[in-house]
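So this one's structure-v1.txt, compact mmCIF, C-alpha atoms:
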```
# COMPACT_ATOMS: atom_id res chain seq x y z
CA MET A 245 0.00 0.00 0.00
CA ARG A 246 1.46 3.32 -1.03
CA LYS A 247 2.09 6.01 1.56
CA SER A 248 -0.17 8.33 -0.41
CA SER A 249 -3.14 6.04 0.34
CA ILE A 250 -2.95 6.49 4.09
CA ILE A 251 -2.43 10.24 3.71
CA VAL A 252 -5.56 10.41 1.54
CA ALA A 253 -7.45 8.26 4.07
CA GLY A 254 -6.38 10.50 6.96
CA ALA A 255 -7.19 13.63 4.97
CA LEU A 256 -10.66 12.30 4.16
CA ILE A 257 -11.36 11.52 7.81
CA GLY A 258 -10.03 14.91 8.92
CA LEU A 259 -12.15 16.82 6.42
CA MET A 260 -15.26 14.74 7.08
CA SER A 261 -14.85 15.33 10.81
CA VAL A 262 -14.90 19.10 10.32
CA ALA A 263 -17.79 18.82 7.86
CA LEU A 264 -19.85 16.66 10.25
CA VAL A 265 -19.57 19.40 12.90
CA LYS A 266 -20.79 21.92 10.31
CA PHE A 267 -23.70 19.59 9.55
CA GLY A 268 -24.70 19.40 13.20
CA ASN A 269 -22.40 17.17 15.27
CA PRO A 270 -21.10 18.59 18.59
CA ALA A 271 -17.98 20.78 18.43
CA ASN A 272 -14.69 18.95 17.83
CA MET A 273 -16.73 15.75 17.68
CA GLY A 274 -17.10 15.10 13.99
CA LEU A 275 -15.89 11.59 14.68
CA CYS A 276 -15.23 10.21 18.17
CA ILE A 277 -15.55 6.50 18.74
CA ALA A 278 -15.71 6.77 22.54
CA CYS A 279 -18.31 9.56 22.50
CA PHE A 280 -20.40 7.86 19.83
CA LEU A 281 -20.42 4.46 21.54
CA ARG A 282 -21.27 6.29 24.79
CA ASP A 283 -24.19 8.06 23.07
CA THR A 284 -25.35 4.75 21.58
CA ALA A 285 -25.16 3.08 25.02
CA GLY A 286 -27.31 5.91 26.36
CA ALA A 287 -29.85 5.59 23.56
CA LEU A 288 -30.28 1.91 24.47
CA GLY A 289 -30.84 2.84 28.11
CA LEU A 290 -27.59 1.31 29.34
CA HIS A 291 -27.01 4.62 31.12
CA ARG A 292 -29.42 7.47 31.86
CA ALA A 293 -27.28 10.54 31.26
CA GLU A 294 -29.98 12.42 29.37
CA VAL A 295 -27.63 14.72 27.46
CA VAL A 296 -25.68 11.93 25.75
CA GLN A 297 -28.23 9.57 24.20
CA TYR A 298 -28.32 9.03 20.44
CA ILE A 299 -27.63 6.06 18.15
CA ARG A 300 -24.70 7.47 16.18
CA PRO A 301 -24.89 6.42 12.51
CA GLU A 302 -21.16 7.10 12.04
CA VAL A 303 -20.27 4.05 14.17
CA ILE A 304 -22.70 1.88 12.22
CA GLY A 305 -21.27 3.18 8.95
CA ILE A 306 -17.67 2.52 10.00
CA VAL A 307 -18.39 -1.15 10.80
CA ILE A 308 -20.52 -1.69 7.67
CA GLY A 309 -17.98 0.12 5.48
CA ALA A 310 -15.12 -1.96 6.87
CA MET A 311 -17.11 -5.16 6.39
CA GLY A 312 -18.04 -4.28 2.80
CA SER A 313 -14.46 -3.38 1.98
CA ALA A 314 -13.06 -6.53 3.62
CA MET A 315 -15.54 -8.70 1.73
CA TYR A 316 -14.90 -6.97 -1.60
CA PHE A 317 -11.13 -7.41 -1.25
CA LYS A 318 -11.52 -10.96 0.11
CA GLU A 319 -10.09 -10.03 3.51
CA PHE A 320 -13.17 -10.88 5.58
CA SER A 321 -12.22 -13.71 7.92
CA ALA A 322 -14.11 -14.82 11.02
CA ARG A 323 -11.50 -15.25 13.73
CA GLY A 324 -11.50 -15.09 17.51
CA GLY A 325 -10.80 -16.82 20.78
CA SER A 326 -7.84 -14.71 21.91
CA SER A 327 -8.58 -14.08 25.62
CA PRO A 328 -12.01 -12.49 24.95
CA LEU A 329 -12.85 -11.73 28.58
CA THR A 330 -9.48 -10.06 29.20
CA ARG A 331 -10.11 -7.97 26.10
CA PHE A 332 -13.55 -7.03 27.43
CA VAL A 333 -12.05 -5.80 30.72
CA LEU A 334 -9.29 -3.89 28.89
CA ALA A 335 -11.92 -2.26 26.68
CA VAL A 336 -13.86 -1.10 29.75
CA ALA A 337 -10.62 0.50 31.01
CA VAL A 338 -9.88 2.10 27.62
CA MET A 339 -13.35 3.65 27.52
CA ILE A 340 -13.28 4.93 31.10
CA GLY A 341 -9.87 6.53 30.46
CA ALA A 342 -11.19 8.15 27.28
CA LEU A 343 -14.27 9.53 29.04
CA VAL A 344 -12.14 11.02 31.83
CA PHE A 345 -10.19 12.85 29.11
CA LEU A 346 -13.43 13.46 27.14
CA GLY A 347 -12.72 11.76 23.86
CA CYS A 348 -11.03 8.82 22.21
CA PRO A 349 -7.60 9.27 20.59
CA LEU A 350 -9.34 10.29 17.35
CA ARG A 351 -11.17 13.12 19.10
CA MET A 352 -7.92 14.02 20.85
CA ILE A 353 -6.46 14.71 17.39
CA LEU A 354 -9.56 16.62 16.32
CA ARG A 355 -9.48 18.71 19.52
CA LEU A 356 -5.82 19.47 18.90
CA ALA A 357 -6.63 20.46 15.31
CA ALA A 358 -9.17 22.94 16.67
CA GLY A 359 -6.61 24.56 18.97
CA ASP A 360 -7.57 22.79 22.22
CA LEU A 361 -4.22 22.62 24.02
CA ASN A 362 -5.65 20.30 26.68
CA ALA A 363 -5.49 17.67 23.95
CA LEU A 364 -1.74 18.19 23.73
CA ILE A 365 -1.47 16.95 27.32
CA GLY A 366 -3.80 14.12 26.39
CA LEU A 367 -1.52 13.27 23.46
CA ALA A 368 1.48 13.14 25.81
CA GLY A 369 -0.44 10.80 28.11
CA PHE A 370 -1.54 8.64 25.18
CA ALA A 371 2.02 8.35 23.85
CA CYS A 372 3.41 7.52 27.32
CA GLY A 373 0.66 4.90 27.79
CA ILE A 374 1.64 3.36 24.46
CA GLY A 375 5.26 3.38 25.61
CA MET A 376 4.25 1.52 28.78
CA GLY A 377 2.37 -1.05 26.69
CA ILE A 378 5.42 -1.50 24.45
CA VAL A 379 7.55 -2.31 27.50
CA PHE A 380 5.26 -5.29 28.15
CA LEU A 381 5.07 -6.23 24.44
CA ASN A 382 8.85 -6.40 24.37
CA LYS A 383 8.83 -8.62 27.44
CA GLY A 384 6.58 -11.05 25.55
CA PHE A 385 3.08 -9.95 26.62
CA SER A 386 0.51 -11.99 24.73
CA LEU A 387 -3.24 -12.55 24.90
CA LYS A 388 -2.55 -15.73 22.87
CA ARG A 389 -3.47 -16.33 19.26
CA ASN A 390 -6.91 -16.38 17.66
CA TYR A 391 -8.41 -19.15 15.53
CA LYS A 392 -10.76 -19.47 12.59
CA GLN A 393 -14.44 -19.37 13.50
CA ASN A 394 -17.63 -19.81 11.56
CA THR A 395 -18.76 -16.90 9.44
CA LEU A 396 -21.74 -16.12 11.66
CA GLU A 397 -19.43 -15.44 14.64
CA GLY A 398 -17.53 -12.87 12.60
CA SER A 399 -20.69 -11.30 11.18
CA LEU A 400 -22.62 -10.74 14.40
CA LEU A 401 -21.36 -7.26 15.23
CA PRO A 402 -22.18 -5.91 11.74
CA VAL A 403 -25.63 -7.54 12.13
CA VAL A 404 -26.05 -5.81 15.51
CA MET A 405 -25.05 -2.54 13.82
CA MET A 406 -27.75 -3.06 11.17
CA GLY A 407 -30.21 -3.65 14.01
CA LEU A 408 -29.14 -0.37 15.60
CA LEU A 409 -29.70 1.38 12.27
CA GLY A 410 -33.21 -0.08 12.22
CA LEU A 411 -33.84 1.25 15.74
CA LEU A 412 -32.53 4.67 14.72
CA VAL A 413 -34.82 4.85 11.69
CA ILE A 414 -37.93 3.46 13.42
CA ALA A 415 -37.18 5.32 16.69
CA PRO A 416 -39.40 3.24 18.98
CA ALA A 417 -40.44 4.70 22.34
CA PHE A 418 -37.96 2.55 24.29
CA VAL A 419 -34.96 4.16 22.58
CA PHE A 420 -33.73 7.34 24.29
CA PHE A 421 -32.85 10.43 22.25
CA SER A 422 -31.39 13.49 23.97
CA ALA A 423 -33.51 16.62 23.78
CA GLU A 424 -30.56 18.81 24.79
CA GLY A 425 -26.77 18.60 25.19
CA PRO A 426 -24.24 16.88 22.91
CA GLY A 427 -26.57 13.94 22.27
CA SER A 428 -29.12 16.23 20.68
CA LEU A 429 -26.56 17.60 18.25
CA HIS A 430 -26.10 15.51 15.16
CA ALA A 431 -25.69 15.72 11.42
CA PRO A 432 -28.52 14.34 9.22
CA LEU A 433 -28.68 10.55 9.33
CA LEU A 434 -27.65 9.86 5.73
CA ILE A 435 -24.70 12.26 5.91
CA SER A 436 -23.47 10.70 9.18
CA LEU A 437 -23.97 7.18 7.86
CA GLY A 438 -22.24 7.99 4.56
CA ALA A 439 -19.28 9.60 6.32
CA GLY A 440 -19.01 6.55 8.55
CA VAL A 441 -19.01 4.19 5.57
CA ILE A 442 -16.28 6.23 3.82
CA ALA A 443 -14.20 6.31 7.03
CA GLY A 444 -14.70 2.56 7.47
CA VAL A 445 -13.57 1.75 3.93
CA ALA A 446 -10.60 4.15 4.14
CA ALA A 447 -9.43 2.82 7.51
CA GLN A 448 -9.92 -0.81 6.44
CA ARG A 449 -7.86 -0.37 3.29
CA THR A 450 -5.02 1.46 5.02
CA ARG A 451 -5.09 -0.08 8.57
CA LEU A 452 -5.29 3.45 9.99
CA CYS A 453 -4.88 3.26 13.77
CA THR A 454 -4.10 6.13 16.14
CA MET A 455 -2.33 3.83 18.60
CA GLY A 456 -0.59 1.86 15.84
CA GLY A 457 0.88 5.08 14.42
CA ILE A 458 2.71 5.94 17.63
CA ARG A 459 3.51 2.28 18.45
CA ASP A 460 5.15 1.61 15.07
CA ALA A 461 7.07 4.89 15.24
CA ILE A 462 8.51 3.96 18.66
CA LEU A 463 9.04 0.23 17.98
CA PHE A 464 10.23 0.21 14.37
CA LYS A 465 10.84 3.86 13.42
CA ASP A 466 8.11 3.16 10.84
CA PHE A 467 5.94 6.20 10.16
CA TYR A 468 3.38 4.77 7.71
CA LEU A 469 0.42 4.74 10.14
CA LEU A 470 1.54 7.96 11.80
CA MET A 471 1.32 9.73 8.44
CA GLY A 472 -2.41 8.93 8.37
CA VAL A 473 -2.82 10.36 11.87
CA GLY A 474 -0.82 13.43 10.80
CA ALA A 475 -3.06 13.86 7.77
CA ILE A 476 -6.15 13.90 10.02
CA LEU A 477 -4.51 16.56 12.18
CA VAL A 478 -3.40 18.77 9.28
CA THR A 479 -6.63 18.62 7.26
CA ALA A 480 -8.85 19.09 10.31
CA PHE A 481 -6.65 22.06 11.30
CA ILE A 482 -7.05 23.60 7.85
CA GLY A 483 -10.77 22.82 7.91
CA ASN A 484 -11.17 24.48 11.31
CA LEU A 485 -9.28 27.55 10.13
CA ALA A 486 -11.46 27.75 7.03
CA THR A 487 -14.72 27.37 8.94
CA GLY A 488 -13.71 29.68 11.79
CA THR A 489 -13.82 26.99 14.46
CA PHE A 490 -10.14 27.20 15.42
CA ALA A 491 -9.49 28.71 18.86
CA LEU A 492 -6.07 28.24 20.46
CA GLY A 493 -5.89 27.81 24.22
CA PHE A 494 -6.70 25.75 27.27
CA GLU A 495 -9.76 27.58 28.55
CA SER A 496 -13.36 27.44 27.29
CA GLN A 497 -12.76 24.65 24.81
CA PRO A 498 -15.90 22.77 23.74
CA ILE A 499 -16.70 19.60 25.70
CA ALA A 500 -13.32 19.64 27.44
CA HIS A 501 -11.85 20.35 30.88
CA THR A 502 -8.54 21.89 31.85
CA ASP A 503 -7.34 19.39 34.46
CA GLY A 504 -3.97 18.49 32.97
CA LEU A 505 -3.12 15.60 35.30
CA TRP A 506 -6.33 13.74 34.50
CA ASN A 507 -6.21 14.58 30.80
CA PHE A 508 -2.79 12.93 30.86
CA LEU A 509 -3.71 9.94 33.01
CA GLY A 510 -7.02 9.31 31.23
CA LEU A 511 -5.36 8.87 27.86
CA PHE A 512 -2.35 7.16 29.46
CA LEU A 513 -4.79 4.43 30.51
CA THR A 514 -6.39 4.42 27.05
CA GLY A 515 -3.01 4.19 25.30
CA TRP A 516 -1.72 1.38 27.51
CA GLY A 517 -4.93 -0.62 27.13
CA SER A 518 -5.02 -0.04 23.37
CA VAL A 519 -1.50 -1.47 22.93
CA LEU A 520 -2.49 -4.61 24.82
CA LEU A 521 -5.64 -4.87 22.68
CA GLY A 522 -3.64 -4.35 19.46
CA GLY A 523 -5.57 -1.31 18.28
CA CYS A 524 -7.33 1.94 19.22
CA PRO A 525 -11.16 2.10 19.46
CA LEU A 526 -11.42 3.02 15.75
CA ARG A 527 -9.24 0.05 14.79
CA GLN A 528 -11.40 -2.25 16.94
CA LEU A 529 -14.47 -1.20 14.94
CA ILE A 530 -12.61 -1.88 11.68
CA LEU A 531 -11.34 -5.29 12.82
CA SER A 532 -14.81 -6.29 13.98
CA GLY A 533 -16.06 -5.38 10.50
CA GLU A 534 -13.39 -7.70 9.08
CA GLY A 535 -14.84 -10.59 11.09
CA ASN A 536 -12.64 -10.44 14.21
CA SER A 537 -14.92 -11.51 17.04
CA ASP A 538 -12.30 -10.58 19.67
CA SER A 539 -12.61 -7.00 18.45
CA ALA A 540 -16.39 -7.33 18.53
CA VAL A 541 -16.13 -8.35 22.19
CA THR A 542 -13.86 -5.32 22.67
CA VAL A 543 -16.51 -3.04 21.14
CA PHE A 544 -19.09 -4.43 23.58
CA GLY A 545 -16.55 -3.79 26.37
CA LEU A 546 -16.25 -0.19 25.20
CA ILE A 547 -20.05 0.17 25.26
CA VAL A 548 -20.28 -1.31 28.77
CA GLY A 549 -17.36 0.90 29.86
CA ALA A 550 -19.32 3.93 28.68
CA ALA A 551 -22.40 2.80 30.58
CA ILE A 552 -20.34 2.25 33.76
CA SER A 553 -18.73 5.68 33.29
CA HIS A 554 -22.05 7.49 33.35
CA ASN A 555 -23.87 5.25 35.82
CA PHE A 556 -21.08 5.55 38.40
CA GLY A 557 -20.26 9.20 37.76
CA LEU A 558 -16.80 8.49 36.34
CA ALA A 559 -17.07 10.51 33.13
CA SER A 560 -15.74 14.06 33.16
CA SER A 561 -17.66 17.07 31.88
CA ALA A 562 -16.77 20.62 30.94
CA LYS A 563 -16.95 21.34 34.71
CA GLY A 564 -14.01 19.00 35.32
CA VAL A 565 -13.06 15.54 36.49
CA THR A 566 -15.09 13.74 39.16
CA ALA A 567 -13.58 12.17 42.29
CA ASN A 568 -15.08 8.85 41.19
CA GLY A 569 -13.40 9.24 37.79
CA GLN A 570 -10.02 9.83 39.42
CA MET A 571 -10.37 6.76 41.63
CA ALA A 572 -11.51 4.67 38.66
CA VAL A 573 -8.47 5.65 36.57
CA ILE A 574 -6.08 4.74 39.41
CA LEU A 575 -7.87 1.45 40.05
CA LEU A 576 -7.90 0.59 36.34
CA LEU A 577 -4.22 1.41 35.95
CA VAL A 578 -3.62 -1.25 38.60
CA VAL A 579 -5.98 -3.65 36.76
CA VAL A 580 -4.19 -3.07 33.44
CA ALA A 581 -0.81 -3.53 35.17
CA VAL A 582 -1.97 -6.85 36.62
CA ILE A 583 -3.24 -7.99 33.19
CA SER A 584 0.07 -6.90 31.64
CA VAL A 585 2.13 -8.90 34.14
CA MET A 586 -0.11 -11.96 34.27
CA ASN A 587 0.16 -12.39 30.48
CA LEU A 588 3.95 -12.30 30.39
CA PRO A 589 5.63 -15.60 29.46
CA MET A 590 7.54 -15.64 32.75
CA VAL A 591 4.15 -15.94 34.49
CA THR A 592 2.13 -18.01 32.00
CA GLU A 593 4.91 -20.53 31.35
CA LYS A 594 5.63 -20.89 35.07
CA ALA A 595 1.93 -21.63 35.65
CA LYS A 596 2.02 -24.17 32.81
CA GLU A 597 5.07 -25.90 34.32
CA LEU A 598 3.41 -26.06 37.73
CA LYS A 599 0.24 -27.53 36.21
CA GLU A 600 2.25 -30.17 34.36
CA ALA A 601 4.19 -31.06 37.52
CA MET A 602 0.97 -31.67 39.47
CA MET B 283 19.94 -9.11 -9.36
CA ALA B 284 16.55 -9.11 -7.66
CA GLU B 285 16.53 -8.92 -3.86
CA THR B 286 15.14 -12.13 -2.32
CA TYR B 287 14.15 -12.72 1.29
CA PHE B 288 11.42 -14.23 3.47
CA VAL B 289 8.74 -12.48 5.48
CA ALA B 290 7.02 -14.32 8.33
CA THR B 291 3.71 -13.22 9.83
CA PHE B 292 2.56 -14.17 13.33
CA HIS B 293 -0.60 -14.54 15.32
CA THR B 294 0.89 -12.58 18.22
CA HIS B 295 3.57 -9.98 18.83
CA ALA B 296 5.16 -12.38 21.32
CA GLY B 297 5.40 -14.95 18.52
CA ALA B 298 7.45 -12.53 16.43
CA LEU B 299 9.85 -11.95 19.33
CA LYS B 300 10.21 -15.71 19.85
CA PHE B 301 10.95 -16.25 16.15
CA GLU B 302 13.55 -13.47 16.23
CA ARG B 303 15.22 -15.11 19.26
CA LYS B 304 15.28 -18.48 17.46
CA LEU B 305 16.99 -16.97 14.41
CA LYS B 306 19.45 -14.97 16.47
CA ALA B 307 20.40 -18.16 18.35
CA LEU B 308 21.45 -19.52 14.95
CA ASN B 309 23.37 -16.31 14.19
CA GLU B 310 20.86 -15.52 11.44
CA ALA B 311 19.82 -11.97 10.68
CA CYS B 312 16.22 -11.04 11.44
CA LYS B 313 14.43 -7.71 11.43
CA LEU B 314 11.00 -7.08 12.93
CA LEU B 315 8.76 -4.70 10.98
CA PRO B 316 5.08 -3.75 10.70
CA VAL B 317 3.24 -6.24 8.47
CA PRO B 318 3.15 -4.96 4.85
CA ARG B 319 -0.39 -4.02 3.87
CA THR B 320 -0.18 -6.19 0.76
CA ILE B 321 -0.10 -9.48 2.67
CA SER B 322 -2.25 -8.92 5.71
CA SER B 323 -4.78 -6.55 7.13
CA SER B 324 -3.66 -7.25 10.69
CA CYS B 325 -2.15 -4.53 12.87
CA GLY B 326 0.75 -6.82 13.74
CA VAL B 327 4.39 -7.31 13.26
CA CYS B 328 6.35 -9.44 10.78
CA ALA B 329 9.92 -10.75 10.57
CA ARG B 330 12.20 -10.27 7.58
CA PHE B 331 14.93 -12.89 7.22
CA THR B 332 16.87 -15.04 4.71
CA TYR B 333 17.22 -18.36 6.63
CA SER B 334 15.79 -20.97 4.25
CA ASP B 335 15.26 -23.80 6.79
CA PHE B 336 12.57 -21.78 8.57
CA ARG B 337 10.25 -24.82 8.70
CA SER B 338 12.40 -26.28 11.45
CA LEU B 339 11.58 -23.21 13.56
CA ALA B 340 7.78 -23.41 13.13
CA PHE B 341 5.61 -23.10 16.23
CA GLU B 342 1.97 -22.33 17.05
CA ASP B 343 2.16 -18.55 16.81
CA LEU B 344 3.87 -18.56 13.39
CA ASP B 345 1.13 -17.79 10.84
CA SER B 346 2.64 -17.77 7.32
CA VAL B 347 5.95 -17.36 5.53
CA TYR B 348 6.25 -15.52 2.22
CA LEU B 349 9.07 -15.54 -0.29
CA VAL B 350 9.64 -11.99 -1.51
CA VAL B 351 11.19 -11.49 -4.92
CA SER B 352 11.27 -8.01 -6.43
CA HIS B 353 8.57 -6.85 -3.97
CA GLU B 354 6.24 -9.71 -5.04
CA TYR B 355 4.96 -11.85 -2.13
CA GLN B 356 4.47 -15.58 -2.65
CA ARG B 357 3.21 -17.64 0.30
CA VAL B 358 5.52 -20.65 0.74
CA TRP B 359 4.37 -21.91 4.14
CA GLU B 360 1.17 -21.72 6.20
CA ASN B 361 0.50 -22.95 9.72
CA GLU B 362 -1.78 -26.01 9.62
CA VAL B 363 -3.46 -24.89 12.84
CA CYS B 364 -5.48 -21.95 11.57
```

This structure in structure tokens:
Amino acid sequence: MRKSSIIVAGALIGLMSVALVKFGNPANMGLCIACFLRDTAGALGLHRAEVVQYIRPEVIGIVIGAMGSAMYFKEFSARGGSSPLTRFVLAVAVMIGALVFLGCPLRMILRLAAGDLNALIGLAGFACGIGMGIVFLNKGFSLKRNYKQNTLEGSLLPVVMMGLLGLLVIAPAFVFFSAEGPGSLHAPLLISLGAGVIAGVAAQRTRLCTMGGIRDAILFKDFYLLMGVGAILVTAFIGNLATGTFALGFESQPIAHTDGLWNFLGLFLTGWGSVLLGGCPLRQLILSGEGNSDSAVTVFGLIVGAAISHNFGLASSAKGVTANGQMAVILLLVVVAVISVMNLPMVTEKAKELKEAM
Amino acid sequence: MAETYFVATFHTHAGALKFERKLKALNEACKLLPVPRTISSSCGVCARFTYSDFRSLAFEDLDSVYLVVSHEYQRVWENEVC
């Protein structure tokens, strides 16, 4: 794949993100996997934060686009069975970290492109978290390999996404839709869905991954994926300048807080967890569209993590970080550390030897 | 003369490290890289090497081995446990 492809993919996603805000999405939230899964969780009643409830068509489009692309290019393959429950727990941690920061790594880039300097601290935390994950990768961390599964197993998440699209169109009374707040702000359905499909195809073809970009740069001095991330940043920056939505500074940024320590630690947790999972939240959506049921489990973990965040008062708001959110990040850093250590060969092989000796 | 080498893909990152250790124990050169987009859509890591008796090093986490000639990838080995 030529380098120009990933730059084009990143540029498309950057421009669409700015355009989606113009069409009605919340500020600096043209595309945010964490926010959109959180809104979807709210729409299904998994949490009752009334201002963040809407089935986001972008997420549906990304999965369907990735699936269509993978099938067209004969890359769809149902696979899974690589420590699914551990992945679920890691995904919960990744989501809670993202909602303490107020955005997934993709929104972190979009916030930065709009001049939100809090995102720069988030980026530092994300990169350090990735570095921490790499330390364990280099020591042999492994969630063990996956195996071929039947096609239905790999198709279930896209089917669920089609079901969500049906619920969005029919809008039955049991689905919650925000009347105010970020959840009430959205681009028209077909525009959101179309943008999601384009993003899904582009990311599937190029393997675009916000975590992978930094990981490969640190591990291999390979900048292919990072160029895609850079293209998102540059085009969204230009788009924000052109549309007058660029405002440099820490204060009064849309759907953001200024608590540097927790911006750092929130995305540190997200970065560390993403390395162990093998991809950022966007990449998990793409992989689940390609038939990876481990990534599908991860997506459900992200959704449950969002529900926990709002039910237990962990998610931050423009007012700042909550005490519960701070405790959750510390607790989950310990959980991720335990998962990191317990999946090192020095631990797993020792346990295997002991079992064989008994 | 066209450059010829092998590229191995793995089911896990740890598998790539193990393969690298096995080659280095034989004093064979091995470089870990991101998997080229042309042979896999995974987000993983691959090993580039020239050791032709790679079959003797096969283990569960080794996925496939490709022979690369003039940037063309030809799969020459695939793990039976898929």

Counting only C-alpha atoms, which residues sit no farther than 12 Å from the position (-28.6, 0.8, 29.4) in the file's frame? I'd like them as an MDAnalysis selection string. chainID A and resid 281:294 297 418:420 547:555

Okay, now the selection with C-alpha atoms, as a PDB file, in the coordinates of the input?
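selection34.pdb, written as the output of this step:
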```pdb
ATOM      1  CA  LEU A 281     -20.420   4.460  21.540  1.00  0.00           C
ATOM      2  CA  ARG A 282     -21.270   6.290  24.790  1.00  0.00           C
ATOM      3  CA  ASP A 283     -24.190   8.060  23.070  1.00  0.00           C
ATOM      4  CA  THR A 284     -25.350   4.750  21.580  1.00  0.00           C
ATOM      5  CA  ALA A 285     -25.160   3.080  25.020  1.00  0.00           C
ATOM      6  CA  GLY A 286     -27.310   5.910  26.360  1.00  0.00           C
ATOM      7  CA  ALA A 287     -29.850   5.590  23.560  1.00  0.00           C
ATOM      8  CA  LEU A 288     -30.280   1.910  24.470  1.00  0.00           C
ATOM      9  CA  GLY A 289     -30.840   2.840  28.110  1.00  0.00           C
ATOM     10  CA  LEU A 290     -27.590   1.310  29.340  1.00  0.00           C
ATOM     11  CA  HIS A 291     -27.010   4.620  31.120  1.00  0.00           C
ATOM     12  CA  ARG A 292     -29.420   7.470  31.860  1.00  0.00           C
ATOM     13  CA  ALA A 293     -27.280  10.540  31.260  1.00  0.00           C
ATOM     14  CA  GLU A 294     -29.980  12.420  29.370  1.00  0.00           C
ATOM     15  CA  GLN A 297     -28.230   9.570  24.200  1.00  0.00           C
ATOM     16  CA  PHE A 418     -37.960   2.550  24.290  1.00  0.00           C
ATOM     17  CA  VAL A 419     -34.960   4.160  22.580  1.00  0.00           C
ATOM     18  CA  PHE A 420     -33.730   7.340  24.290  1.00  0.00           C
ATOM     19  CA  ILE A 547     -20.050   0.170  25.260  1.00  0.00           C
ATOM     20  CA  VAL A 548     -20.280  -1.310  28.770  1.00  0.00           C
ATOM     21  CA  GLY A 549     -17.360   0.900  29.860  1.00  0.00           C
ATOM     22  CA  ALA A 550     -19.320   3.930  28.680  1.00  0.00           C
ATOM     23  CA  ALA A 551     -22.400   2.800  30.580  1.00  0.00           C
ATOM     24  CA  ILE A 552     -20.340   2.250  33.760  1.00  0.00           C
ATOM     25  CA  SER A 553     -18.730   5.680  33.290  1.00  0.00           C
ATOM     26  CA  HIS A 554     -22.050   7.490  33.350  1.00  0.00           C
ATOM     27  CA  ASN A 555     -23.870   5.250  35.820  1.00  0.00           C
TER      28      ASN A 555
END
```

Residue among B:Thr291, B:Gln356, B:Thr332, B:Ser338 lying closest to Leu315 (chain B), counting only C-alpha atoms: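 Of B:Thr291, B:Gln356, B:Thr332, B:Ser338, the one nearest Leu315 (chain B) is B:Thr291, counting only C-alpha atoms.
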
One residue among A:Met315, A:Arg389, A:Pro270, A:Pro328 is nearest to Cys364 (chain B) when using all atoms listed in the file, and that residue is A:Arg389

Which residue, A:Glu302, A:Glu495, A:Asp538, A:Asp466, has the smallest gap to chain B when you use all atoms listed in the file?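 Result for the nearest residue to chain B: A:Asp466.
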
Long-range neighbours of Glu362 (chain B) as a VMD selection string, 10 Å cut-off, only C-alpha atoms, 2 positions minimum in chain: chain B and resid 342 345 to 346 359 to 360 364

Output for the residues just chosen: C-alpha atoms as a PDB file, keeping the file's coordinate frame:
```pdb
ATOM      1  CA  GLU B 342       1.970 -22.330  17.050  1.00  0.00           C
ATOM      2  CA  ASP B 345       1.130 -17.790  10.840  1.00  0.00           C
ATOM      3  CA  SER B 346       2.640 -17.770   7.320  1.00  0.00           C
ATOM      4  CA  TRP B 359       4.370 -21.910   4.140  1.00  0.00           C
ATOM      5  CA  GLU B 360       1.170 -21.720   6.200  1.00  0.00           C
ATOM      6  CA  CYS B 364      -5.480 -21.950  11.570  1.00  0.00           C
TER       7      CYS B 364
END
```

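Distances to chain B were evaluated for A:Thr487, A:Ser532, A:Thr502, A:Gln570 using only C-alpha atoms, and the minimum falls at A:Ser532.
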
Can you tell me which residues surround Glu354 (chain B) at a distance of at most 12 Å, considering all atoms listed in the file, apart from same-chain residues fewer than 6 positions away, and format the answer as a count of residues only? 10

Hey, which bits of chain B sit within 10 Å of chain A, and for each residue what's the closest pair of atoms and how far apart in Å (one decimal), counting only C-alpha atoms, rows by chain and increasing number, as CSV?
```
residue,atom,partner,partner_atom,distance
B:Phe292,CA,A:Arg389,CA,8.7
B:His293,CA,A:Arg389,CA,5.2
B:Thr294,CA,A:Arg389,CA,5.8
B:His295,CA,A:Leu381,CA,6.9
B:Ala296,CA,A:Gly384,CA,4.7
B:Gly297,CA,A:Gly384,CA,8.1
B:Ala298,CA,A:Gly384,CA,9.3
B:Leu299,CA,A:Gly384,CA,7.1
B:Lys300,CA,A:Gly384,CA,8.2
B:Lys313,CA,A:Phe464,CA,9.4
B:Leu314,CA,A:Phe464,CA,7.5
B:Leu315,CA,A:Phe464,CA,6.1
B:Pro316,CA,A:Asp460,CA,6.9
B:Pro318,CA,A:Met245,CA,7.6
B:Arg319,CA,A:Met245,CA,5.6
B:Thr320,CA,A:Met245,CA,6.2
B:Ile321,CA,A:Met245,CA,9.8
B:Ser322,CA,A:Glu319,CA,8.2
B:Ser323,CA,A:Arg451,CA,6.6
B:Ser324,CA,A:Arg451,CA,7.6
B:Cys325,CA,A:Gly522,CA,6.8
B:Gly326,CA,A:Gly522,CA,7.6
B:Val327,CA,A:Asp460,CA,9.1
B:Glu342,CA,A:Arg389,CA,8.4
B:Asp343,CA,A:Arg389,CA,6.5
B:Leu344,CA,A:Arg389,CA,9.7
B:Asp345,CA,A:Arg389,CA,9.7
B:Val363,CA,A:Tyr391,CA,8.0
B:Cys364,CA,A:Tyr391,CA,5.7
```

Return the single residue from B:Val350, B:Ala290, B:Lys306, B:Val317 that is closest to Phe336 (chain B), with distances computed using all atoms listed in the file.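 Of the candidates, the smallest distance to Phe336 (chain B) is held by B:Ala290.
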
What is the distance between CA of Ala486 (chain A) and CA of Pro349 (chain A), in Å to one decimal?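 Here the two named atoms are 23.2 Å from each other.
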
Separation of CA of Leu575 (chain A) from CA of Leu521 (chain A), in Å and rounded to one decimal: 18.6 Å

Place a sphere of radius 10 Å on (1.9, 10.9, 25.3) in the file coordinates and name every protein, DNA or RNA residue with an atom inside or on its surface, counting all atoms listed in the file; give the answer as a list in words.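 Here is the list of nearby residues: Leu364, Ile365, Gly366, Leu367, Ala368, Gly369, Phe370, Ala371, Cys372, Gly373, Ile374, Gly375, Ile458, Phe508, Leu509, Leu511, Phe512 and Gly515 of chain A.
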